[in-house]
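**Student:** Let me give you the structure first, and then I'll get to my questions.
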Amino acid sequence: KLRHDFKHMAHTASTLAKEGNTEALVELLGGYGELVDSAHSRMVFTKNSALNALMCFCYENAIQHNITCDWQIRLPEKPGISDVDLCTIVGNLLENAIHAATEAKDDNKYINFKADMEDNGEIYIVSTNGFSGQIEKHKDKYLSTKSFGSGIGIESVKSTVRRYNGYSNFYNDDRTFFVDIMLKI
């Protein structure tokens with residue numbers, strides 16, 4: 001987008017320079033510099049565009065809630081799982097983790113998230129996050145703690161993992177929520 005829009009900015013800058021309007025030119029270039037700096041400061045978690053966009057959105061959301069994040073993604077650009085399925089899994093996991101960590105005490109506001117692909121084609125996703133200690137379950141099924149949440153995020157993840165002959169495990173102690181996932185690609 002910046003490369004595409006640069007020609008418009010350059011034309012405007014040239015016109016302002018020809019008119020001798022240095023004040024407006026300095027303001028234009030300063031604003032453009034800030035825009036470029038903010039674009040370059042955007043995190044790159046993975047070469048997979050769809051997943052990276054999702055990760056950046058979730059990361060910014062987590063940081064706004066003062067959640068400490070340690071996220072590491074070691075997946076190829078095309079990991080052998082559809083972008084829709086990959087983003088369904090990761091999006092649901094991170095949305096739930098952010099919600100839970102937001103409700104945690106200040107010393108427990110964190111999300112550790114790792115995704116890795118082994119040489120045999122298996123993808124492993126491991127996530128831990130702090131939470132308030134309050135969990136709602138019916139039998140072995142986690143229920144939503146969101147005021148208007150439907151509680152289908154974890155079930156959606158499980159369903160997607162099953163389509164890849166994978167394994168998922170969700171569990172918790174009194175301060176930490178754990179997720180272990182393996183997908184056979």
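Chain labels run A, B, ... following the order of the structure tokens; each chain numbers its residues from 1, and ligands are numbered from 1 in the order shown.
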Skip Cys69 of chain A itself and residues of its chain fewer than 6 positions away, then list as a list in words all residues within 8 Å of it, counting only C-alpha atoms.

**Tutor:** Tyr59, Ala62, Ile63, Tyr110, Ile111, Asn112 and Phe113 of chain A

**Student:** For Thr128 of chain A, list every protein, DNA or RNA residue within 12 Å, evaluated using only C-alpha atoms, and leave out those in the same chain fewer than 4 positions away; present the list as a PDB file with N, CA, C and O atoms, in the first residue's frame.

**Tutor:**
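result10.pdb, written as the output of this step:
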ATOM      1  N   THR A  68       1.214  -9.505  28.650  1.00  0.00           N
ATOM      2  CA  THR A  68       2.557  -9.849  28.193  1.00  0.00           C
ATOM      3  C   THR A  68       2.450 -11.014  27.204  1.00  0.00           C
ATOM      4  O   THR A  68       1.794 -12.018  27.494  1.00  0.00           O
ATOM      5  N   CYS A  69       3.094 -10.874  26.056  1.00  0.00           N
ATOM      6  CA  CYS A  69       2.990 -11.882  25.000  1.00  0.00           C
ATOM      7  C   CYS A  69       4.367 -12.441  24.649  1.00  0.00           C
ATOM      8  O   CYS A  69       5.303 -11.684  24.417  1.00  0.00           O
ATOM      9  N   ASP A  70       4.449 -13.754  24.598  1.00  0.00           N
ATOM     10  CA  ASP A  70       5.621 -14.448  24.067  1.00  0.00           C
ATOM     11  C   ASP A  70       5.077 -15.384  22.997  1.00  0.00           C
ATOM     12  O   ASP A  70       4.578 -16.464  23.303  1.00  0.00           O
ATOM     13  N   TRP A  71       5.119 -14.912  21.745  1.00  0.00           N
ATOM     14  CA  TRP A  71       4.530 -15.651  20.640  1.00  0.00           C
ATOM     15  C   TRP A  71       5.615 -15.999  19.631  1.00  0.00           C
ATOM     16  O   TRP A  71       6.343 -15.133  19.171  1.00  0.00           O
ATOM     17  N   LEU A  93      -8.235 -19.655  19.576  1.00  0.00           N
ATOM     18  CA  LEU A  93      -7.342 -19.812  20.735  1.00  0.00           C
ATOM     19  C   LEU A  93      -6.917 -18.463  21.293  1.00  0.00           C
ATOM     20  O   LEU A  93      -6.972 -18.237  22.513  1.00  0.00           O
ATOM     21  N   LEU A  94      -6.502 -17.558  20.413  1.00  0.00           N
ATOM     22  CA  LEU A  94      -6.020 -16.260  20.891  1.00  0.00           C
ATOM     23  C   LEU A  94      -7.152 -15.380  21.412  1.00  0.00           C
ATOM     24  O   LEU A  94      -6.972 -14.663  22.397  1.00  0.00           O
ATOM     25  N   ASN A  96      -9.845 -16.407  22.934  1.00  0.00           N
ATOM     26  CA  ASN A  96     -10.134 -16.911  24.272  1.00  0.00           C
ATOM     27  C   ASN A  96      -9.025 -16.555  25.259  1.00  0.00           C
ATOM     28  O   ASN A  96      -9.298 -16.165  26.397  1.00  0.00           O
ATOM     29  N   ALA A  97      -7.777 -16.682  24.832  1.00  0.00           N
ATOM     30  CA  ALA A  97      -6.647 -16.381  25.723  1.00  0.00           C
ATOM     31  C   ALA A  97      -6.625 -14.901  26.097  1.00  0.00           C
ATOM     32  O   ALA A  97      -6.368 -14.552  27.263  1.00  0.00           O
ATOM     33  N   ILE A  98      -6.883 -14.035  25.133  1.00  0.00           N
ATOM     34  CA  ILE A  98      -6.898 -12.595  25.411  1.00  0.00           C
ATOM     35  C   ILE A  98      -8.022 -12.264  26.388  1.00  0.00           C
ATOM     36  O   ILE A  98      -7.822 -11.535  27.356  1.00  0.00           O
ATOM     37  N   ALA A 100      -9.431 -14.227  28.572  1.00  0.00           N
ATOM     38  CA  ALA A 100      -9.108 -14.781  29.896  1.00  0.00           C
ATOM     39  C   ALA A 100      -7.994 -13.991  30.584  1.00  0.00           C
ATOM     40  O   ALA A 100      -8.093 -13.674  31.770  1.00  0.00           O
ATOM     41  N   ALA A 101      -6.936 -13.671  29.852  1.00  0.00           N
ATOM     42  CA  ALA A 101      -5.812 -12.941  30.449  1.00  0.00           C
ATOM     43  C   ALA A 101      -6.223 -11.532  30.858  1.00  0.00           C
ATOM     44  O   ALA A 101      -5.711 -10.988  31.842  1.00  0.00           O
ATOM     45  N   ASN A 108      -0.575 -11.968  36.436  1.00  0.00           N
ATOM     46  CA  ASN A 108      -0.890 -13.191  35.699  1.00  0.00           C
ATOM     47  C   ASN A 108      -1.451 -12.893  34.306  1.00  0.00           C
ATOM     48  O   ASN A 108      -2.075 -13.736  33.687  1.00  0.00           O
ATOM     49  N   LYS A 109      -1.210 -11.694  33.792  1.00  0.00           N
ATOM     50  CA  LYS A 109      -1.714 -11.289  32.476  1.00  0.00           C
ATOM     51  C   LYS A 109      -0.664 -11.642  31.417  1.00  0.00           C
ATOM     52  O   LYS A 109       0.194 -10.828  31.100  1.00  0.00           O
ATOM     53  N   TYR A 110      -0.739 -12.847  30.903  1.00  0.00           N
ATOM     54  CA  TYR A 110       0.237 -13.255  29.894  1.00  0.00           C
ATOM     55  C   TYR A 110      -0.370 -14.283  28.957  1.00  0.00           C
ATOM     56  O   TYR A 110      -1.346 -14.954  29.285  1.00  0.00           O
ATOM     57  N   ILE A 111       0.235 -14.369  27.778  1.00  0.00           N
ATOM     58  CA  ILE A 111      -0.093 -15.423  26.816  1.00  0.00           C
ATOM     59  C   ILE A 111       1.218 -15.894  26.193  1.00  0.00           C
ATOM     60  O   ILE A 111       1.967 -15.097  25.632  1.00  0.00           O
ATOM     61  N   ASN A 112       1.498 -17.172  26.329  1.00  0.00           N
ATOM     62  CA  ASN A 112       2.608 -17.804  25.620  1.00  0.00           C
ATOM     63  C   ASN A 112       1.986 -18.647  24.519  1.00  0.00           C
ATOM     64  O   ASN A 112       1.117 -19.481  24.798  1.00  0.00           O
ATOM     65  N   PHE A 113       2.425 -18.420  23.285  1.00  0.00           N
ATOM     66  CA  PHE A 113       1.823 -19.106  22.144  1.00  0.00           C
ATOM     67  C   PHE A 113       2.939 -19.554  21.207  1.00  0.00           C
ATOM     68  O   PHE A 113       3.745 -18.739  20.781  1.00  0.00           O
ATOM     69  N   LYS A 114       2.959 -20.833  20.890  1.00  0.00           N
ATOM     70  CA  LYS A 114       3.982 -21.370  19.996  1.00  0.00           C
ATOM     71  C   LYS A 114       3.309 -22.248  18.941  1.00  0.00           C
ATOM     72  O   LYS A 114       2.404 -23.013  19.246  1.00  0.00           O
ATOM     73  N   ASN A 169      -5.947 -30.949  23.326  1.00  0.00           N
ATOM     74  CA  ASN A 169      -6.157 -31.121  24.753  1.00  0.00           C
ATOM     75  C   ASN A 169      -6.251 -29.745  25.392  1.00  0.00           C
ATOM     76  O   ASN A 169      -5.361 -28.907  25.193  1.00  0.00           O
ATOM     77  N   PHE A 170      -7.323 -29.507  26.124  1.00  0.00           N
ATOM     78  CA  PHE A 170      -7.561 -28.249  26.826  1.00  0.00           C
ATOM     79  C   PHE A 170      -7.666 -28.582  28.305  1.00  0.00           C
ATOM     80  O   PHE A 170      -8.453 -29.457  28.681  1.00  0.00           O
ATOM     81  N   TYR A 171      -6.901 -27.899  29.134  1.00  0.00           N
ATOM     82  CA  TYR A 171      -6.946 -28.168  30.569  1.00  0.00           C
ATOM     83  C   TYR A 171      -6.469 -26.941  31.328  1.00  0.00           C
ATOM     84  O   TYR A 171      -5.953 -25.991  30.734  1.00  0.00           O
ATOM     85  N   ASN A 172      -6.643 -26.952  32.632  1.00  0.00           N
ATOM     86  CA  ASN A 172      -6.272 -25.789  33.431  1.00  0.00           C
ATOM     87  C   ASN A 172      -5.906 -26.193  34.847  1.00  0.00           C
ATOM     88  O   ASN A 172      -6.258 -27.281  35.309  1.00  0.00           O
ATOM     89  N   ASP A 173      -5.163 -25.300  35.505  1.00  0.00           N
ATOM     90  CA  ASP A 173      -5.001 -25.371  36.951  1.00  0.00           C
ATOM     91  C   ASP A 173      -5.668 -24.115  37.501  1.00  0.00           C
ATOM     92  O   ASP A 173      -6.481 -23.508  36.797  1.00  0.00           O
ATOM     93  N   ARG A 175      -4.524 -21.112  37.967  1.00  0.00           N
ATOM     94  CA  ARG A 175      -4.081 -19.826  37.429  1.00  0.00           C
ATOM     95  C   ARG A 175      -3.753 -19.856  35.941  1.00  0.00           C
ATOM     96  O   ARG A 175      -3.553 -18.817  35.324  1.00  0.00           O
ATOM     97  N   THR A 176      -3.648 -21.041  35.363  1.00  0.00           N
ATOM     98  CA  THR A 176      -3.172 -21.170  33.985  1.00  0.00           C
ATOM     99  C   THR A 176      -4.097 -22.055  33.169  1.00  0.00           C
ATOM    100  O   THR A 176      -4.540 -23.097  33.627  1.00  0.00           O
ATOM    101  N   PHE A 177      -4.348 -21.612  31.942  1.00  0.00           N
ATOM    102  CA  PHE A 177      -5.112 -22.403  30.980  1.00  0.00           C
ATOM    103  C   PHE A 177      -4.119 -22.921  29.936  1.00  0.00           C
ATOM    104  O   PHE A 177      -3.290 -22.163  29.447  1.00  0.00           O
ATOM    105  N   PHE A 178      -4.206 -24.208  29.611  1.00  0.00           N
ATOM    106  CA  PHE A 178      -3.259 -24.865  28.717  1.00  0.00           C
ATOM    107  C   PHE A 178      -3.981 -25.416  27.488  1.00  0.00           C
ATOM    108  O   PHE A 178      -5.089 -25.944  27.602  1.00  0.00           O
ATOM    109  N   VAL A 179      -3.312 -25.320  26.338  1.00  0.00           N
ATOM    110  CA  VAL A 179      -3.820 -25.922  25.106  1.00  0.00           C
ATOM    111  C   VAL A 179      -2.656 -26.622  24.409  1.00  0.00           C
ATOM    112  O   VAL A 179      -1.591 -26.034  24.236  1.00  0.00           O
ATOM    113  N   ASP A 180      -2.877 -27.862  24.042  1.00  0.00           N
ATOM    114  CA  ASP A 180      -1.907 -28.637  23.246  1.00  0.00           C
ATOM    115  C   ASP A 180      -2.636 -29.157  22.019  1.00  0.00           C
ATOM    116  O   ASP A 180      -3.677 -29.810  22.141  1.00  0.00           O
ATOM    117  N   ILE A 181      -2.085 -28.878  20.841  1.00  0.00           N
ATOM    118  CA  ILE A 181      -2.701 -29.320  19.583  1.00  0.00           C
ATOM    119  C   ILE A 181      -1.629 -29.912  18.688  1.00  0.00           C
ATOM    120  O   ILE A 181      -0.508 -29.393  18.614  1.00  0.00           O
TER     121      ILE A 181
END

**Student:** Output as a ChimeraX atom specification all residues of chain A that backbone DSSP marks as strand (DSSP E or B).

**Tutor:** /A:68-74,110-117,122-130,137-138,141-142,167-172,176-184

**Student:** Could you find all residues in segment 31-169 of chain A that DSSP calls alpha helix (DSSP H) from the backbone, and write them as an NGL selection string?

**Tutor:** :A and (31-40 or 49-64 or 83-103 or 153-163)

**Student:** What gap, in Å, lies between atom CA of Gln72 of chain A and atom CA of Ser168 of chain A?

**Tutor:**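 Straight-line distance from atom CA of Gln72 of chain A to atom CA of Ser168 of chain A works out to 19.0 Å.
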
**Student:** Point out the residue among A:His99, A:Lys105, A:Lys47, A:Arg162 with the least atom-to-atom distance to Glu77 of chain A, counting only C-alpha atoms.

**Tutor:** A:Lys47

**Student:** What gap, in Å, lies between atom CA of Glu103 of chain A and atom CA of Gly130 of chain A?

**Tutor:** 8.7 Å

**Student:** Taking only C-alpha atoms into account, name the residue in A:Ala104, A:Met43, A:Ala50, A:Ile89 that is nearest to Ile67 of chain A.

**Tutor:** A:Ala104

**Student:** Tell me, in Å to one decimal, how far atom CA of Gly121 of chain A is from atom CA of Lys184 of chain A.

**Tutor:**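 Interatomic distance here is 6.6 Å.
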
**Student:** Could you pull the residues within 12 Å of segment 11-16 of chain A, counting only C-alpha atoms, minus those fewer than 5 positions along the same chain, as a ChimeraX atom specification?

**Tutor:** /A:5-6,21-32

**Student:** Filtering to all heavy atoms, could you give me those residues as an mmCIF file, in the first residue's frame?

**Tutor:**
data_model
loop_
_atom_site.group_PDB
_atom_site.id
_atom_site.type_symbol
_atom_site.label_atom_id
_atom_site.label_comp_id
_atom_site.auth_asym_id
_atom_site.auth_seq_id
_atom_site.Cartn_x
_atom_site.Cartn_y
_atom_site.Cartn_z
ATOM 1 N N ASP A 5 0.851 4.005 -2.894
ATOM 2 C CA ASP A 5 0.435 5.381 -2.592
ATOM 3 C C ASP A 5 1.576 6.389 -2.681
ATOM 4 O O ASP A 5 1.335 7.601 -2.667
ATOM 5 C CB ASP A 5 -0.213 5.444 -1.209
ATOM 6 C CG ASP A 5 -1.531 4.685 -1.169
ATOM 7 O OD1 ASP A 5 -2.091 4.379 -2.252
ATOM 8 O OD2 ASP A 5 -2.004 4.411 -0.063
ATOM 9 N N PHE A 6 2.819 5.903 -2.764
ATOM 10 C CA PHE A 6 3.965 6.814 -2.764
ATOM 11 C C PHE A 6 3.904 7.800 -3.933
ATOM 12 O O PHE A 6 4.246 8.973 -3.792
ATOM 13 C CB PHE A 6 5.284 6.036 -2.816
ATOM 14 C CG PHE A 6 6.474 6.936 -2.861
ATOM 15 C CD1 PHE A 6 6.894 7.603 -1.718
ATOM 16 C CD2 PHE A 6 7.172 7.149 -4.040
ATOM 17 C CE1 PHE A 6 7.991 8.453 -1.753
ATOM 18 C CE2 PHE A 6 8.259 7.991 -4.082
ATOM 19 C CZ PHE A 6 8.676 8.652 -2.937
ATOM 20 N N ASN A 21 5.900 26.197 -0.774
ATOM 21 C CA ASN A 21 5.148 26.010 0.462
ATOM 22 C C ASN A 21 5.882 24.998 1.344
ATOM 23 O O ASN A 21 5.448 23.856 1.508
ATOM 24 C CB ASN A 21 3.717 25.563 0.143
ATOM 25 C CG ASN A 21 2.799 25.626 1.342
ATOM 26 O OD1 ASN A 21 3.260 25.728 2.480
ATOM 27 N ND2 ASN A 21 1.509 25.554 1.081
ATOM 28 N N THR A 22 6.994 25.436 1.914
ATOM 29 C CA THR A 22 7.848 24.528 2.690
ATOM 30 C C THR A 22 7.174 24.050 3.981
ATOM 31 O O THR A 22 7.402 22.922 4.413
ATOM 32 C CB THR A 22 9.198 25.188 3.023
ATOM 33 O OG1 THR A 22 8.951 26.410 3.690
ATOM 34 C CG2 THR A 22 10.027 25.404 1.780
ATOM 35 N N GLU A 23 6.338 24.886 4.566
ATOM 36 C CA GLU A 23 5.665 24.478 5.807
ATOM 37 C C GLU A 23 4.760 23.266 5.546
ATOM 38 O O GLU A 23 4.798 22.275 6.282
ATOM 39 C CB GLU A 23 4.847 25.643 6.368
ATOM 40 C CG GLU A 23 4.236 25.363 7.729
ATOM 41 C CD GLU A 23 3.499 26.580 8.282
ATOM 42 O OE1 GLU A 23 3.832 27.724 7.920
ATOM 43 O OE2 GLU A 23 2.583 26.351 9.078
ATOM 44 N N ALA A 24 3.963 23.338 4.494
ATOM 45 C CA ALA A 24 3.076 22.223 4.141
ATOM 46 C C ALA A 24 3.886 21.014 3.689
ATOM 47 O O ALA A 24 3.523 19.868 3.985
ATOM 48 C CB ALA A 24 2.101 22.649 3.051
ATOM 49 N N LEU A 25 4.999 21.253 2.996
ATOM 50 C CA LEU A 25 5.867 20.157 2.548
ATOM 51 C C LEU A 25 6.466 19.423 3.740
ATOM 52 O O LEU A 25 6.460 18.189 3.782
ATOM 53 C CB LEU A 25 6.968 20.695 1.628
ATOM 54 C CG LEU A 25 7.978 19.672 1.104
ATOM 55 C CD1 LEU A 25 7.284 18.574 0.304
ATOM 56 C CD2 LEU A 25 9.036 20.366 0.250
ATOM 57 N N VAL A 26 6.967 20.162 4.715
ATOM 58 C CA VAL A 26 7.550 19.542 5.919
ATOM 59 C C VAL A 26 6.482 18.741 6.660
ATOM 60 O O VAL A 26 6.729 17.621 7.125
ATOM 61 C CB VAL A 26 8.197 20.620 6.829
ATOM 62 C CG1 VAL A 26 8.523 20.061 8.198
ATOM 63 C CG2 VAL A 26 9.433 21.202 6.167
ATOM 64 N N GLU A 27 5.280 19.292 6.755
ATOM 65 C CA GLU A 27 4.183 18.588 7.433
ATOM 66 C C GLU A 27 3.826 17.300 6.690
ATOM 67 O O GLU A 27 3.639 16.246 7.298
ATOM 68 C CB GLU A 27 2.966 19.496 7.534
ATOM 69 C CG GLU A 27 1.838 18.905 8.357
ATOM 70 C CD GLU A 27 0.661 19.857 8.503
ATOM 71 O OE1 GLU A 27 0.855 21.081 8.445
ATOM 72 O OE2 GLU A 27 -0.460 19.341 8.666
ATOM 73 N N LEU A 28 3.748 17.376 5.363
ATOM 74 C CA LEU A 28 3.441 16.203 4.549
ATOM 75 C C LEU A 28 4.496 15.118 4.733
ATOM 76 O O LEU A 28 4.175 13.957 4.978
ATOM 77 C CB LEU A 28 3.334 16.587 3.067
ATOM 78 C CG LEU A 28 3.162 15.414 2.086
ATOM 79 C CD1 LEU A 28 1.750 14.842 2.185
ATOM 80 C CD2 LEU A 28 3.456 15.868 0.672
ATOM 81 N N LEU A 29 5.767 15.498 4.617
ATOM 82 C CA LEU A 29 6.853 14.517 4.739
ATOM 83 C C LEU A 29 6.932 13.939 6.149
ATOM 84 O O LEU A 29 7.202 12.751 6.329
ATOM 85 C CB LEU A 29 8.180 15.143 4.330
ATOM 86 C CG LEU A 29 8.293 15.518 2.848
ATOM 87 C CD1 LEU A 29 9.607 16.240 2.575
ATOM 88 C CD2 LEU A 29 8.150 14.292 1.966
ATOM 89 N N GLY A 30 6.674 14.769 7.146
ATOM 90 C CA GLY A 30 6.670 14.275 8.529
ATOM 91 C C GLY A 30 5.574 13.247 8.749
ATOM 92 O O GLY A 30 5.802 12.201 9.371
ATOM 93 N N GLY A 31 4.391 13.535 8.256
ATOM 94 C CA GLY A 31 3.280 12.601 8.379
ATOM 95 C C GLY A 31 3.542 11.310 7.629
ATOM 96 O O GLY A 31 3.239 10.220 8.105
ATOM 97 N N TYR A 32 4.132 11.428 6.447
ATOM 98 C CA TYR A 32 4.456 10.237 5.665
ATOM 99 C C TYR A 32 5.523 9.407 6.374
ATOM 100 O O TYR A 32 5.449 8.182 6.416
ATOM 101 C CB TYR A 32 4.920 10.626 4.262
ATOM 102 C CG TYR A 32 5.055 9.438 3.343
ATOM 103 C CD1 TYR A 32 3.932 8.806 2.814
ATOM 104 C CD2 TYR A 32 6.301 8.929 3.013
ATOM 105 C CE1 TYR A 32 4.051 7.714 1.990
ATOM 106 C CE2 TYR A 32 6.430 7.834 2.186
ATOM 107 C CZ TYR A 32 5.294 7.221 1.673
ATOM 108 O OH TYR A 32 5.413 6.133 0.859
#

**Student:** From the list A:Gly91, A:Gly20, A:Gly166, A:Pro76, which residue is nearest Phe57 of chain A when using only C-alpha atoms?

**Tutor:**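 Among A:Gly91, A:Gly20, A:Gly166, A:Pro76, it is A:Gly91 that comes nearest to Phe57 of chain A.
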
**Student:** Any idea what's packed within 10 Å of Gly80 of chain A, counting only C-alpha atoms, ignoring anything in its chain fewer than 5 positions away? Could you give it as an NGL selection string?

**Tutor:** :A and (75 or 86 or 121-123 or 184-185)

**Student:** Give the answer as one residue: which of A:Glu95, A:Asn165, A:Ala17, A:Lys78 has the shortest atom-to-atom distance to Ser49 of chain A, using only C-alpha atoms?

**Tutor:**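 Looking at the shortest contact to Ser49 of chain A, the residue is A:Lys78.
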